[in-house]
file final-v4.csv (CSV, C-alpha atoms)
chain,number,residue,atom,x,y,z
A,28,MET,CA,47.5,-27.9,16.0
A,29,THR,CA,45.7,-24.7,15.4
A,30,ASP,CA,45.4,-25.6,11.7
A,31,LEU,CA,43.7,-28.9,12.7
A,32,LEU,CA,41.3,-27.2,15.0
A,33,THR,CA,40.4,-24.7,12.3
A,34,ARG,CA,39.8,-27.5,9.9
A,35,ARG,CA,37.7,-29.3,12.4
A,36,GLN,CA,35.6,-26.2,13.0
A,37,VAL,CA,35.1,-25.7,9.3
A,38,MET,CA,34.0,-29.3,9.0
A,39,ALA,CA,31.6,-28.8,11.9
A,40,GLY,CA,30.3,-25.7,10.2
A,41,ILE,CA,29.7,-27.5,7.0
A,42,SER,CA,27.8,-30.4,8.6
A,43,LEU,CA,25.7,-27.9,10.5
A,44,LEU,CA,24.9,-26.2,7.2
A,45,SER,CA,23.9,-29.4,5.5
A,46,LEU,CA,21.7,-30.3,8.5
A,47,GLY,CA,20.0,-27.0,8.0
A,48,VAL,CA,19.5,-27.8,4.3
A,49,LEU,CA,18.0,-31.2,5.2
A,50,ALA,CA,15.8,-29.8,7.8
A,51,GLY,CA,13.9,-27.6,5.4
A,52,CYS,CA,16.0,-25.1,3.5
A,53,ASP,CA,16.3,-27.5,0.6
A,54,PRO,CA,13.4,-27.4,-1.9
A,55,ARG,CA,14.3,-31.0,-3.0
A,56,SER,CA,13.4,-32.3,0.4
A,57,GLY,CA,9.9,-31.1,0.1
A,58,GLY,CA,10.3,-28.4,2.7
A,59,ALA,CA,6.7,-27.5,2.8
A,60,LEU,CA,5.9,-25.1,5.7
A,61,ASP,CA,2.8,-24.9,7.8
A,62,PHE,CA,1.6,-21.4,7.7
A,63,LYS,CA,-1.4,-20.2,9.6
A,64,TYR,CA,-2.6,-17.5,7.3
A,65,GLY,CA,-0.4,-17.1,4.2
A,66,LYS,CA,0.1,-19.5,1.3
A,67,ASP,CA,3.1,-21.9,1.4
A,68,MET,CA,5.0,-21.3,-1.8
A,69,SER,CA,8.0,-23.5,-0.9
A,70,ASN,CA,7.5,-25.7,-3.9
A,71,GLN,CA,7.2,-22.9,-6.4
A,72,ILE,CA,10.1,-21.4,-8.2
A,73,LEU,CA,9.4,-17.8,-8.8
A,74,GLY,CA,11.3,-14.6,-9.0
A,75,ARG,CA,14.7,-16.3,-9.2
A,76,SER,CA,16.4,-14.1,-11.8
A,77,PHE,CA,14.9,-10.7,-11.9
A,78,LYS,CA,17.4,-7.9,-12.7
A,79,LEU,CA,16.4,-4.4,-11.8
A,80,LYS,CA,17.9,-1.2,-10.4
A,81,ASP,CA,17.6,0.4,-7.0
A,82,THR,CA,16.9,4.1,-6.6
A,83,GLN,CA,20.7,4.8,-6.6
A,84,GLY,CA,21.1,3.0,-9.9
A,85,ASN,CA,22.8,-0.1,-8.6
A,86,PRO,CA,21.8,-3.3,-10.2
A,87,ARG,CA,19.9,-5.6,-7.9
A,88,THR,CA,19.0,-9.3,-8.1
A,89,LEU,CA,17.5,-11.7,-5.6
A,90,SER,CA,21.0,-12.6,-4.5
A,91,SER,CA,21.5,-9.0,-3.4
A,92,PHE,CA,19.2,-9.8,-0.5
A,93,TRP,CA,20.8,-13.0,0.6
A,94,GLY,CA,21.1,-13.3,4.4
A,95,SER,CA,17.9,-11.3,4.9
A,96,MET,CA,14.3,-12.2,4.5
A,97,PRO,CA,13.1,-10.3,1.4
A,98,MET,CA,9.4,-9.5,1.2
A,99,VAL,CA,8.7,-8.4,-2.4
A,100,PHE,CA,5.6,-6.4,-3.4
A,101,PHE,CA,4.7,-5.0,-6.8
A,102,GLY,CA,2.9,-1.6,-7.1
A,103,PHE,CA,3.1,2.0,-8.2
A,104,THR,CA,3.3,5.2,-6.3
A,105,GLN,CA,0.1,6.6,-7.8
A,106,CYS,CA,-1.8,3.7,-6.4
A,107,PRO,CA,-4.2,5.2,-3.8
A,108,ALA,CA,-5.3,2.1,-1.9
A,109,VAL,CA,-3.5,-1.2,-2.0
A,110,CYS,CA,0.1,0.0,-2.3
A,111,PRO,CA,0.1,2.4,0.7
A,112,THR,CA,-1.9,0.0,2.9
A,113,THR,CA,0.5,-2.9,2.1
A,114,LEU,CA,3.6,-0.8,2.7
A,115,ALA,CA,2.1,0.6,5.9
A,116,ARG,CA,1.3,-3.0,6.9
A,117,ALA,CA,4.9,-4.0,6.1
A,118,ALA,CA,6.2,-1.1,8.4
A,119,GLN,CA,4.0,-2.3,11.1
A,120,ILE,CA,5.1,-6.0,10.7
A,121,LYS,CA,8.7,-4.9,11.0
A,122,LYS,CA,7.8,-3.3,14.4
A,123,LEU,CA,5.8,-6.3,15.5
A,124,MET,CA,8.8,-8.6,14.8
A,125,GLY,CA,10.8,-6.7,17.4
A,126,ARG,CA,14.5,-7.5,17.3
A,127,ASP,CA,13.9,-9.9,14.3
A,128,GLY,CA,12.5,-7.0,12.3
A,129,GLY,CA,16.0,-6.0,11.2
A,130,PHE,CA,16.1,-9.3,9.3
A,131,LEU,CA,13.0,-8.4,7.1
A,132,GLN,CA,13.9,-6.5,3.9
A,133,VAL,CA,10.9,-5.0,2.2
A,134,VAL,CA,11.4,-4.7,-1.6
A,135,PHE,CA,8.9,-2.6,-3.6
A,136,ILE,CA,9.0,-3.2,-7.4
A,137,SER,CA,7.5,-0.5,-9.5
A,138,LEU,CA,5.0,-1.5,-12.2
A,139,ASP,CA,4.9,2.0,-13.5
A,140,PRO,CA,8.5,2.9,-14.6
A,141,GLU,CA,7.2,5.6,-16.9
A,142,ARG,CA,5.9,7.7,-14.0
A,143,ASP,CA,7.8,6.4,-11.0
A,144,THR,CA,11.2,8.1,-11.2
A,145,PRO,CA,13.9,6.9,-8.8
A,146,GLU,CA,13.5,10.1,-6.8
A,147,VAL,CA,9.8,9.6,-6.3
A,148,LEU,CA,10.2,5.9,-5.6
A,149,ASP,CA,12.9,6.5,-3.0
A,150,ALA,CA,11.0,9.2,-1.1
A,151,TYR,CA,7.8,7.1,-1.3
A,152,VAL,CA,9.1,3.9,0.2
A,153,LYS,CA,11.2,5.7,2.8
A,154,ALA,CA,8.1,7.6,4.0
A,155,PHE,CA,7.0,4.2,5.3
A,156,ASP,CA,10.3,2.9,6.7
A,157,PRO,CA,13.8,4.2,5.9
A,158,SER,CA,15.0,0.6,5.4
A,159,PHE,CA,12.6,-0.2,2.5
A,160,VAL,CA,14.1,-0.6,-0.9
A,161,ALA,CA,12.4,0.3,-4.2
A,162,LEU,CA,13.4,-1.3,-7.5
A,163,SER,CA,12.5,-0.4,-11.1
A,164,GLY,CA,13.6,-1.1,-14.6
A,165,THR,CA,12.6,-0.4,-18.2
A,166,LEU,CA,9.1,-1.5,-19.3
A,167,GLU,CA,10.6,-4.7,-20.7
A,168,GLU,CA,12.5,-5.5,-17.5
A,169,THR,CA,9.5,-4.7,-15.4
A,170,ALA,CA,7.3,-7.0,-17.5
A,171,ALA,CA,9.9,-9.7,-17.2
A,172,ALA,CA,10.2,-9.4,-13.4
A,173,ALA,CA,6.4,-9.5,-13.1
A,174,LYS,CA,6.2,-12.5,-15.3
A,175,GLU,CA,8.8,-14.3,-13.3
A,176,PHE,CA,6.7,-13.8,-10.1
A,177,GLY,CA,3.4,-14.7,-11.9
A,178,VAL,CA,2.3,-11.1,-11.1
A,179,PHE,CA,-0.6,-9.9,-13.3
A,180,PHE,CA,-0.6,-6.2,-14.2
A,181,GLU,CA,-2.5,-4.1,-16.7
A,182,LYS,CA,-2.8,-0.5,-17.5
A,183,VAL,CA,-6.3,0.7,-17.3
A,184,PRO,CA,-7.1,3.9,-19.3
A,185,SER,CA,-8.8,6.5,-17.2
A,186,GLY,CA,-9.8,9.7,-18.9
A,187,ASP,CA,-6.6,11.4,-20.1
A,188,THR,CA,-4.4,9.2,-17.8
A,189,TYR,CA,-4.2,5.6,-16.6
A,190,THR,CA,-4.2,3.6,-13.5
A,191,ILE,CA,-2.9,0.0,-13.0
A,192,SER,CA,-4.7,-3.2,-11.9
A,193,HIS,CA,-2.2,-5.6,-10.4
A,194,THR,CA,-1.6,-8.6,-8.2
A,195,SER,CA,-1.3,-7.5,-4.6
A,196,THR,CA,0.4,-10.5,-3.0
A,197,SER,CA,3.6,-10.0,-1.0
A,198,TYR,CA,6.2,-12.7,-1.7
A,199,VAL,CA,8.6,-13.8,1.1
A,200,PHE,CA,11.9,-15.5,0.5
A,201,ASP,CA,14.0,-17.2,3.2
A,202,SER,CA,17.6,-16.1,3.8
A,203,ARG,CA,18.9,-18.4,1.1
A,204,GLY,CA,16.7,-17.1,-1.6
A,205,GLN,CA,14.1,-19.9,-1.5
A,206,LEU,CA,10.6,-18.6,-2.0
A,207,ARG,CA,8.5,-19.5,1.0
A,208,LEU,CA,5.3,-17.5,1.6
A,209,GLY,CA,2.7,-15.6,-0.2
A,210,LEU,CA,0.8,-13.0,1.9
A,211,SER,CA,-2.6,-11.8,0.6
A,212,HIS,CA,-3.6,-8.2,0.9
A,213,SER,CA,-6.4,-9.1,3.2
A,214,LEU,CA,-4.2,-10.3,6.1
A,215,THR,CA,-3.5,-8.1,9.1
A,216,ALA,CA,0.0,-7.2,10.2
A,217,LYS,CA,-0.3,-9.5,13.2
A,218,GLU,CA,-1.2,-12.5,11.0
A,219,CYS,CA,1.6,-11.8,8.6
A,220,THR,CA,4.1,-11.5,11.5
A,221,GLU,CA,3.2,-14.9,12.8
A,222,ASP,CA,3.8,-16.5,9.4
A,223,LEU,CA,7.1,-14.6,8.9
A,224,LEU,CA,8.4,-15.9,12.2
A,225,THR,CA,7.6,-19.4,10.9
A,226,VAL,CA,9.9,-18.7,7.9
A,227,MET,CA,12.6,-17.5,10.2
A,228,GLU,CA,12.4,-20.7,12.3
A,229,VAL,CA,13.5,-22.9,9.4
A,230,CYS,CA,16.1,-20.6,7.7
B,30,MET,CA,-15.1,41.5,26.3
B,31,ARG,CA,-15.1,38.6,23.9
B,32,HIS,CA,-17.6,38.7,21.0
B,33,PRO,CA,-19.9,35.6,21.0
B,34,ALA,CA,-19.4,35.2,17.2
B,35,HIS,CA,-15.7,35.0,17.8
B,36,SER,CA,-15.8,32.0,20.1
B,37,PHE,CA,-18.3,30.3,17.7
B,38,LYS,CA,-15.7,30.6,14.9
B,39,ARG,CA,-13.0,29.2,17.2
B,40,GLY,CA,-15.3,26.3,18.0
B,41,LEU,CA,-15.7,25.6,14.3
B,42,ALA,CA,-11.9,25.8,13.8
B,43,ALA,CA,-11.4,23.3,16.6
B,44,LEU,CA,-13.9,20.9,15.0
B,45,ALA,CA,-12.1,21.2,11.7
B,46,LEU,CA,-8.8,20.5,13.4
B,47,ILE,CA,-9.8,17.2,14.8
B,48,GLY,CA,-11.1,16.1,11.4
B,49,LEU,CA,-14.7,16.1,12.2
B,50,SER,CA,-15.6,18.4,9.4
B,51,PHE,CA,-19.3,17.8,9.1
B,52,SER,CA,-20.9,19.3,6.1
B,53,ALA,CA,-24.7,19.2,6.4
B,54,LEU,CA,-25.5,21.3,3.4
B,55,ALA,CA,-28.4,19.8,1.3
B,56,GLU,CA,-29.4,16.4,2.6
B,57,THR,CA,-26.1,14.7,2.3
B,58,THR,CA,-23.7,14.6,5.2
B,59,VAL,CA,-19.9,14.1,4.8
B,60,LYS,CA,-18.0,12.5,7.6
B,61,ASP,CA,-14.4,11.8,8.3
B,62,ALA,CA,-13.1,13.1,5.0
B,63,TRP,CA,-9.3,12.8,4.6
B,64,VAL,CA,-6.6,12.9,1.9
B,65,ARG,CA,-3.5,10.8,1.9
B,66,ALA,CA,-0.2,12.9,1.9
B,67,THR,CA,2.2,12.5,-1.0
B,68,VAL,CA,6.0,12.8,-1.4
B,69,PRO,CA,7.4,15.5,-3.7
B,70,HIS,CA,6.6,14.9,-7.4
B,71,GLN,CA,4.2,12.1,-6.7
B,72,GLN,CA,1.4,12.8,-9.2
B,73,SER,CA,-1.7,11.4,-7.6
B,74,THR,CA,-3.3,10.5,-4.3
B,75,GLY,CA,-6.7,9.4,-2.9
B,76,ALA,CA,-9.5,11.2,-0.9
B,77,PHE,CA,-11.7,9.2,1.4
B,78,MET,CA,-14.9,9.9,3.4
B,79,THR,CA,-18.3,8.6,4.4
B,80,LEU,CA,-21.4,10.0,2.7
B,81,THR,CA,-24.9,9.7,3.9
B,82,ALA,CA,-27.8,11.0,1.9
B,83,SER,CA,-31.3,11.5,3.4
B,84,SER,CA,-33.0,10.7,0.1
B,85,ASP,CA,-31.8,8.5,-2.8
B,86,SER,CA,-29.0,10.3,-4.5
B,87,LYS,CA,-25.8,9.8,-6.4
B,88,LEU,CA,-22.4,11.3,-6.2
B,89,VAL,CA,-21.8,12.4,-9.8
B,90,ASP,CA,-18.7,14.5,-9.7
B,91,VAL,CA,-15.9,15.7,-7.5
B,92,GLN,CA,-13.7,18.8,-8.1
B,93,SER,CA,-10.6,20.1,-6.4
B,94,PRO,CA,-8.2,22.9,-7.0
B,95,VAL,CA,-5.2,20.7,-6.0
B,96,ALA,CA,-5.4,18.4,-9.0
B,97,LYS,CA,-5.9,18.7,-12.8
B,98,ILE,CA,-8.0,15.5,-12.9
B,99,VAL,CA,-10.4,14.3,-10.3
B,100,GLN,CA,-12.2,11.0,-10.8
B,101,VAL,CA,-14.1,8.4,-8.7
B,102,HIS,CA,-12.5,5.0,-8.9
B,103,GLN,CA,-13.7,1.6,-7.7
B,104,MET,CA,-11.3,-1.0,-6.4
B,105,THR,CA,-12.1,-4.6,-6.5
B,106,MET,CA,-10.2,-7.6,-5.2
B,107,ASN,CA,-10.3,-10.9,-7.2
B,108,ASN,CA,-7.9,-13.7,-6.3
B,109,ASP,CA,-5.6,-11.1,-4.7
B,110,VAL,CA,-5.5,-9.1,-7.9
B,111,MET,CA,-6.4,-5.5,-7.3
B,112,GLY,CA,-8.6,-4.2,-10.1
B,113,MET,CA,-9.1,-0.4,-10.5
B,114,LYS,CA,-11.6,1.3,-12.7
B,115,GLN,CA,-13.2,4.7,-13.1
B,116,VAL,CA,-16.9,5.0,-12.3
B,117,HIS,CA,-19.2,7.9,-13.3
B,118,SER,CA,-21.4,7.9,-10.2
B,119,VAL,CA,-21.8,6.3,-6.8
B,120,ASP,CA,-25.3,5.5,-5.6
B,121,LEU,CA,-26.2,7.0,-2.2
B,122,PRO,CA,-29.3,5.1,-1.0
B,123,ALA,CA,-31.4,7.1,1.5
B,124,GLY,CA,-30.1,6.9,5.0
B,125,LYS,CA,-27.3,4.5,4.2
B,126,ALA,CA,-23.7,5.4,5.1
B,127,VAL,CA,-21.6,4.9,1.9
B,128,SER,CA,-17.8,4.7,2.5
B,129,LEU,CA,-15.3,6.0,0.1
B,130,ASP,CA,-12.3,4.1,1.6
B,131,PRO,CA,-9.1,2.5,0.4
B,132,ASN,CA,-11.0,-0.8,0.0
B,133,GLY,CA,-13.7,0.3,-2.4
B,134,TYR,CA,-14.9,3.5,-4.0
B,135,HIS,CA,-12.5,6.4,-3.5
B,136,VAL,CA,-11.8,9.8,-5.0
B,137,MET,CA,-8.6,10.0,-7.1
B,138,LEU,CA,-6.8,13.3,-7.3
B,139,MET,CA,-4.5,13.0,-10.3
B,140,GLN,CA,-1.9,15.2,-11.9
B,141,LEU,CA,-1.5,17.1,-8.7
B,142,ASN,CA,-0.4,20.7,-8.8
B,143,GLY,CA,2.0,20.2,-5.9
B,144,GLN,CA,2.9,18.0,-3.0
B,145,ILE,CA,0.1,17.3,-0.5
B,146,LYS,CA,1.5,17.7,3.0
B,147,GLU,CA,0.3,16.2,6.2
B,148,GLY,CA,-1.7,18.6,8.3
B,149,GLU,CA,-2.9,20.7,5.3
B,150,GLN,CA,-6.5,20.8,4.2
B,151,VAL,CA,-7.7,19.9,0.7
B,152,PRO,CA,-10.8,21.6,-0.6
B,153,LEU,CA,-13.2,19.2,-2.4
B,154,THR,CA,-16.5,20.0,-4.1
B,155,LEU,CA,-18.8,17.1,-4.2
B,156,VAL,CA,-21.6,17.2,-6.7
B,157,ILE,CA,-24.7,15.2,-5.5
B,158,GLU,CA,-27.7,14.5,-7.7
B,159,ASP,CA,-31.0,13.6,-6.2
B,160,ALA,CA,-33.7,11.3,-7.7
B,161,LYS,CA,-35.3,14.3,-9.4
B,162,GLY,CA,-32.0,15.2,-11.1
B,163,GLN,CA,-31.4,18.2,-8.9
B,164,LYS,CA,-27.7,18.9,-8.4
B,165,GLN,CA,-26.2,20.3,-5.3
B,166,ASN,CA,-22.6,21.1,-4.4
B,167,ILE,CA,-21.1,20.2,-1.1
B,168,GLU,CA,-17.9,21.9,-0.1
B,169,VAL,CA,-15.6,19.8,2.1
B,170,LYS,CA,-12.2,20.6,3.6
B,171,ALA,CA,-10.4,17.3,4.0
B,172,PRO,CA,-7.5,17.1,6.4
B,173,VAL,CA,-4.3,15.5,5.0
B,174,ARG,CA,-3.1,12.4,6.8
B,175,ALA,CA,0.3,10.9,6.7
B,176,LEU,CA,1.2,8.7,3.6
B,177,ASN,CA,1.3,5.7,5.9
B,178,ALA,CA,-2.0,6.6,7.6
B,179,GLU,CA,-3.6,3.2,7.4
B,180,ALA,CA,-1.3,1.6,10.0
B,181,MET,CA,-2.3,4.2,12.6
B,182,HIS,CA,-6.0,4.6,11.7
B,183,GLY,CA,-6.8,1.0,10.7
B,184,GLY,CA,-9.8,-0.4,12.4
B,185,HIS,CA,-9.0,-4.0,13.0
B,186,GLU,CA,-5.5,-4.0,14.5
B,187,HIS,CA,-5.5,-3.9,18.3
B,188,MET,CA,-2.0,-4.7,19.3
B,189,HIS,CA,1.0,-2.8,20.6
call {"tool": "encode", "arguments": {"input": "final-v4.csv", "output": "structure tokens"}}
result
Amino acid sequence: MTDLLTRRQVMAGISLLSLGVLAGCDPRSGGALDFKYGKDMSNQILGRSFKLKDTQGNPRTLSSFWGSMPMVFFGFTQCPAVCPTTLARAAQIKKLMGRDGGFLQVVFISLDPERDTPEVLDAYVKAFDPSFVALSGTLEETAAAAKEFGVFFEKVPSGDTYTISHTSTSYVFDSRGQLRLGLSHSLTAKECTEDLLTVMEVC
Amino acid sequence: MRHPAHSFKRGLAALALIGLSFSALAETTVKDAWVRATVPHQQSTGAFMTLTASSDSKLVDVQSPVAKIVQVHQMTMNNDVMGMKQVHSVDLPAGKAVSLDPNGYHVMLMQLNGQIKEGEQVPLTLVIEDAKGQKQNIEVKAPVRALNAEAMHGGHEHMH
């Protein structure tokens, strides 16, 4: 009897899951979302198979973040403008989301592995929010990850040193690892929050 | 009895503390100068301010003892790609407030000699050249704001 009930519950669970898939989590069903400010990226396949390391040296892929809503941003710690403002905005978004904020996982990918040591990266992202994760890899792995996301980056020589020009979009995945939303640097925390809540409604 | 010069000094210190360090040397004023804090071993950061020159001038150089390299950079946004390049001068048209902020021109302090901590003051020397080619130095003490300063000081977010 109990076995039967369990089986029934499992079946119910499975059908609920497939309903969810049909309702918008499945890219094959179109699944376009109506965002007010950001760009719907539901039909684009980007960033599926990057392999990088977190600041503790653990390998991380997109599936490491399943069950949360990863918001991925590429940058470097010596970046004076876009990177700190985007990370500060991300910290503010997390607060604006209230209880749902715990669901957002901010992932900062370094474009400057030569200078961004794991120690600097860790202290840097945690200065914005202790939950933020920073990833890095070798130059080749970094280039591969950026390419997968369609992120442009380029070293710009500057006297004896260099700075980096790069794409400043934040990429948001739903809890099943489906790319959903691209948030431009120009959007405010409030605008981003509205769109992130839309992502949460479907998955 | 309190010496008048003493309270004047205290007044100046109070002004500096609230970040209104107003340098009116020469004909260029510097307002709201600040530097973004860093974490240990981070090698560079930005300095930001608003400059207003009374006659057509240019900012041609910036020096600071906290960094081995100081440059002025210009940020541009094109299709959500952030472009960064070094510039050798910034025009300061007469009477126009020119912002060096995270969205445009800014001063880059690179190869820092140590961590820049919130609450400290960073000395900056701005070299301004007027239309006749006369150079003048302006000394600024820029207060250090938190690494995540933008969220707190940002102008267009009015919600809590």
call {"tool": "residues_around", "arguments": {"input": "final-v4.csv", "residues": "Lys170 (chain B)", "least_positions_apart": "3", "cutoff": "8 Å", "atoms": "all atoms listed in the file", "output": "number ranges by chain"}}
result
B: 50, 62, 150-153
call {"tool": "closest_residue", "arguments": {"input": "final-v4.csv", "among": "A:Asp222, A:Glu167, A:Glu146, A:Asp201", "to": "chain B", "atoms": "only C-alpha atoms"}}
result
A:Glu146
call {"tool": "interface_residues", "arguments": {"input": "final-v4.csv", "of": "chain B", "to": "chain A", "cutoff": "6 Å", "atoms": "all atoms listed in the file", "output": "tab-separated table (two decimals) with C-alpha atoms, keeping the file's coordinate frame"}}
result
chain	number	residue	atom	x	y	z
B	68	VAL	CA	6.00	12.80	-1.40
B	73	SER	CA	-1.70	11.40	-7.60
B	74	THR	CA	-3.30	10.50	-4.30
B	75	GLY	CA	-6.70	9.40	-2.90
B	109	ASP	CA	-5.60	-11.10	-4.70
B	110	VAL	CA	-5.50	-9.10	-7.90
B	111	MET	CA	-6.40	-5.50	-7.30
B	112	GLY	CA	-8.60	-4.20	-10.10
B	113	MET	CA	-9.10	-0.40	-10.50
B	131	PRO	CA	-9.10	2.50	0.40
B	177	ASN	CA	1.30	5.70	5.90
B	179	GLU	CA	-3.60	3.20	7.40
B	180	ALA	CA	-1.30	1.60	10.00
call {"tool": "residues_around", "arguments": {"input": "final-v4.csv", "residues": "Leu214 (chain A)", "least_positions_apart": "4", "cutoff": "9 Å", "atoms": "all atoms listed in the file", "output": "list in words"}}
result
Tyr64, Gly65, Leu210, Glu218 and Cys219 of chain A
call {"tool": "write_last_selection", "arguments": {"input": "final-v4.csv", "atoms": "C-alpha atoms", "output": "PDB file, in the coordinates of the input"}}
result
ATOM      1  CA  TYR A  64      -2.600 -17.500   7.300  1.00  0.00           C
ATOM      2  CA  GLY A  65      -0.400 -17.100   4.200  1.00  0.00           C
ATOM      3  CA  LEU A 210       0.800 -13.000   1.900  1.00  0.00           C
ATOM      4  CA  GLU A 218      -1.200 -12.500  11.000  1.00  0.00           C
ATOM      5  CA  CYS A 219       1.600 -11.800   8.600  1.00  0.00           C
TER       6      CYS A 219
END
call {"tool": "closest_residue", "arguments": {"input": "final-v4.csv", "among": "B:Asp61, B:Val116, B:Tyr134, B:Gln144", "to": "Val89 (chain B)", "atoms": "only C-alpha atoms"}}
result
B:Val116
call {"tool": "residues_around", "arguments": {"input": "final-v4.csv", "residues": "Ile157 (chain B)", "least_positions_apart": "6", "cutoff": "10 Å", "atoms": "all atoms listed in the file", "output": "list in words"}}
result
Ala55, Glu56, Thr57, Ala82, Ser86, Lys87, Leu88, Val89, Asp90, Val91, Ser118, Val119, Asp120, Leu121, Gln163, Lys164, Gln165, Asn166 and Ile167 of chain B
call {"tool": "residues_around", "arguments": {"input": "final-v4.csv", "residues": "His102 (chain B)", "least_positions_apart": "3", "cutoff": "9 Å", "atoms": "all atoms listed in the file", "output": "PyMOL selection string"}}
result
chain B and resi 113-117+133-137
call {"tool": "atom_distance", "arguments": {"input": "final-v4.csv", "atom1": "CA of Glu149 (chain B)", "atom2": "CA of Phe77 (chain B)"}}
result
15.0 Å
call {"tool": "residues_around", "arguments": {"input": "final-v4.csv", "residues": "Ala172 (chain A)", "least_positions_apart": "3", "cutoff": "9 Å", "atoms": "all atoms listed in the file", "output": "list in words"}}
result
Gly74, Ser76, Phe77, Lys78, Leu79, Ile136, Glu167, Glu168, Thr169, Glu175, Phe176, Gly177 and Val178 of chain A
call {"tool": "atom_distance", "arguments": {"input": "final-v4.csv", "atom1": "CA of Leu138 (chain B)", "atom2": "CA of Pro69 (chain B)"}}
result
14.8 Å
call {"tool": "atom_distance", "arguments": {"input": "final-v4.csv", "atom1": "CA of Val99 (chain A)", "atom2": "CA of His70 (chain B)"}}
result
23.9 Å
call {"tool": "decode", "arguments": {"input": "final-v4.csv", "residues": "region 134-186 of chain B", "atoms": "C-alpha atoms", "output": "PDB file, in the first residue's frame"}}
result
ATOM      1  CA  TYR B 134      36.957  59.753 -18.333  1.00  0.00           C
ATOM      2  CA  HIS B 135      38.598  58.685 -15.115  1.00  0.00           C
ATOM      3  CA  VAL B 136      42.005  58.575 -13.495  1.00  0.00           C
ATOM      4  CA  MET B 137      43.590  55.114 -13.312  1.00  0.00           C
ATOM      5  CA  LEU B 138      45.943  54.417 -10.443  1.00  0.00           C
ATOM      6  CA  MET B 139      47.911  51.356 -11.573  1.00  0.00           C
ATOM      7  CA  GLN B 140      50.563  49.186  -9.938  1.00  0.00           C
ATOM      8  CA  LEU B 141      49.488  50.369  -6.521  1.00  0.00           C
ATOM      9  CA  ASN B 142      52.060  50.471  -3.735  1.00  0.00           C
ATOM     10  CA  GLY B 143      49.563  48.980  -1.283  1.00  0.00           C
ATOM     11  CA  GLN B 144      45.919  48.424  -0.491  1.00  0.00           C
ATOM     12  CA  ILE B 145      43.691  51.509  -0.701  1.00  0.00           C
ATOM     13  CA  LYS B 146      41.421  51.403   2.333  1.00  0.00           C
ATOM     14  CA  GLU B 147      38.031  52.993   2.823  1.00  0.00           C
ATOM     15  CA  GLY B 148      38.234  56.159   4.888  1.00  0.00           C
ATOM     16  CA  GLU B 149      41.826  56.992   3.878  1.00  0.00           C
ATOM     17  CA  GLN B 150      42.771  59.981   1.751  1.00  0.00           C
ATOM     18  CA  VAL B 151      44.683  59.655  -1.511  1.00  0.00           C
ATOM     19  CA  PRO B 152      46.853  62.613  -2.543  1.00  0.00           C
ATOM     20  CA  LEU B 153      46.548  63.503  -6.221  1.00  0.00           C
ATOM     21  CA  THR B 154      48.376  66.187  -8.182  1.00  0.00           C
ATOM     22  CA  LEU B 155      46.450  67.380 -11.216  1.00  0.00           C
ATOM     23  CA  VAL B 156      48.441  69.189 -13.903  1.00  0.00           C
ATOM     24  CA  ILE B 157      46.250  71.697 -15.745  1.00  0.00           C
ATOM     25  CA  GLU B 158      47.416  73.533 -18.838  1.00  0.00           C
ATOM     26  CA  ASP B 159      45.648  76.719 -19.937  1.00  0.00           C
ATOM     27  CA  ALA B 160      45.230  77.973 -23.523  1.00  0.00           C
ATOM     28  CA  LYS B 161      48.562  79.822 -23.316  1.00  0.00           C
ATOM     29  CA  GLY B 162      50.380  76.633 -22.396  1.00  0.00           C
ATOM     30  CA  GLN B 163      50.873  77.674 -18.763  1.00  0.00           C
ATOM     31  CA  LYS B 164      50.860  74.684 -16.427  1.00  0.00           C
ATOM     32  CA  GLN B 165      49.576  74.687 -12.902  1.00  0.00           C
ATOM     33  CA  ASN B 166      49.463  71.955 -10.306  1.00  0.00           C
ATOM     34  CA  ILE B 167      46.398  71.365  -8.181  1.00  0.00           C
ATOM     35  CA  GLU B 168      46.782  69.265  -5.073  1.00  0.00           C
ATOM     36  CA  VAL B 169      43.747  67.194  -4.097  1.00  0.00           C
ATOM     37  CA  LYS B 170      43.170  64.833  -1.212  1.00  0.00           C
ATOM     38  CA  ALA B 171      40.563  62.362  -2.425  1.00  0.00           C
ATOM     39  CA  PRO B 172      38.682  60.377   0.214  1.00  0.00           C
ATOM     40  CA  VAL B 173      38.491  56.620  -0.345  1.00  0.00           C
ATOM     41  CA  ARG B 174      35.012  55.155  -0.751  1.00  0.00           C
ATOM     42  CA  ALA B 175      34.049  51.500  -0.405  1.00  0.00           C
ATOM     43  CA  LEU B 176      34.750  49.142  -3.307  1.00  0.00           C
ATOM     44  CA  ASN B 177      30.997  48.828  -3.875  1.00  0.00           C
ATOM     45  CA  ALA B 178      30.505  52.604  -3.644  1.00  0.00           C
ATOM     46  CA  GLU B 179      28.265  52.946  -6.697  1.00  0.00           C
ATOM     47  CA  ALA B 180      25.295  51.223  -5.113  1.00  0.00           C
ATOM     48  CA  MET B 181      25.248  53.696  -2.272  1.00  0.00           C
ATOM     49  CA  HIS B 182      26.130  56.865  -4.116  1.00  0.00           C
ATOM     50  CA  GLY B 183      24.473  56.150  -7.458  1.00  0.00           C
ATOM     51  CA  GLY B 184      22.308  59.006  -8.652  1.00  0.00           C
ATOM     52  CA  HIS B 185      19.321  57.328 -10.284  1.00  0.00           C
ATOM     53  CA  GLU B 186      18.190  54.667  -7.853  1.00  0.00           C
TER      54      GLU B 186
END
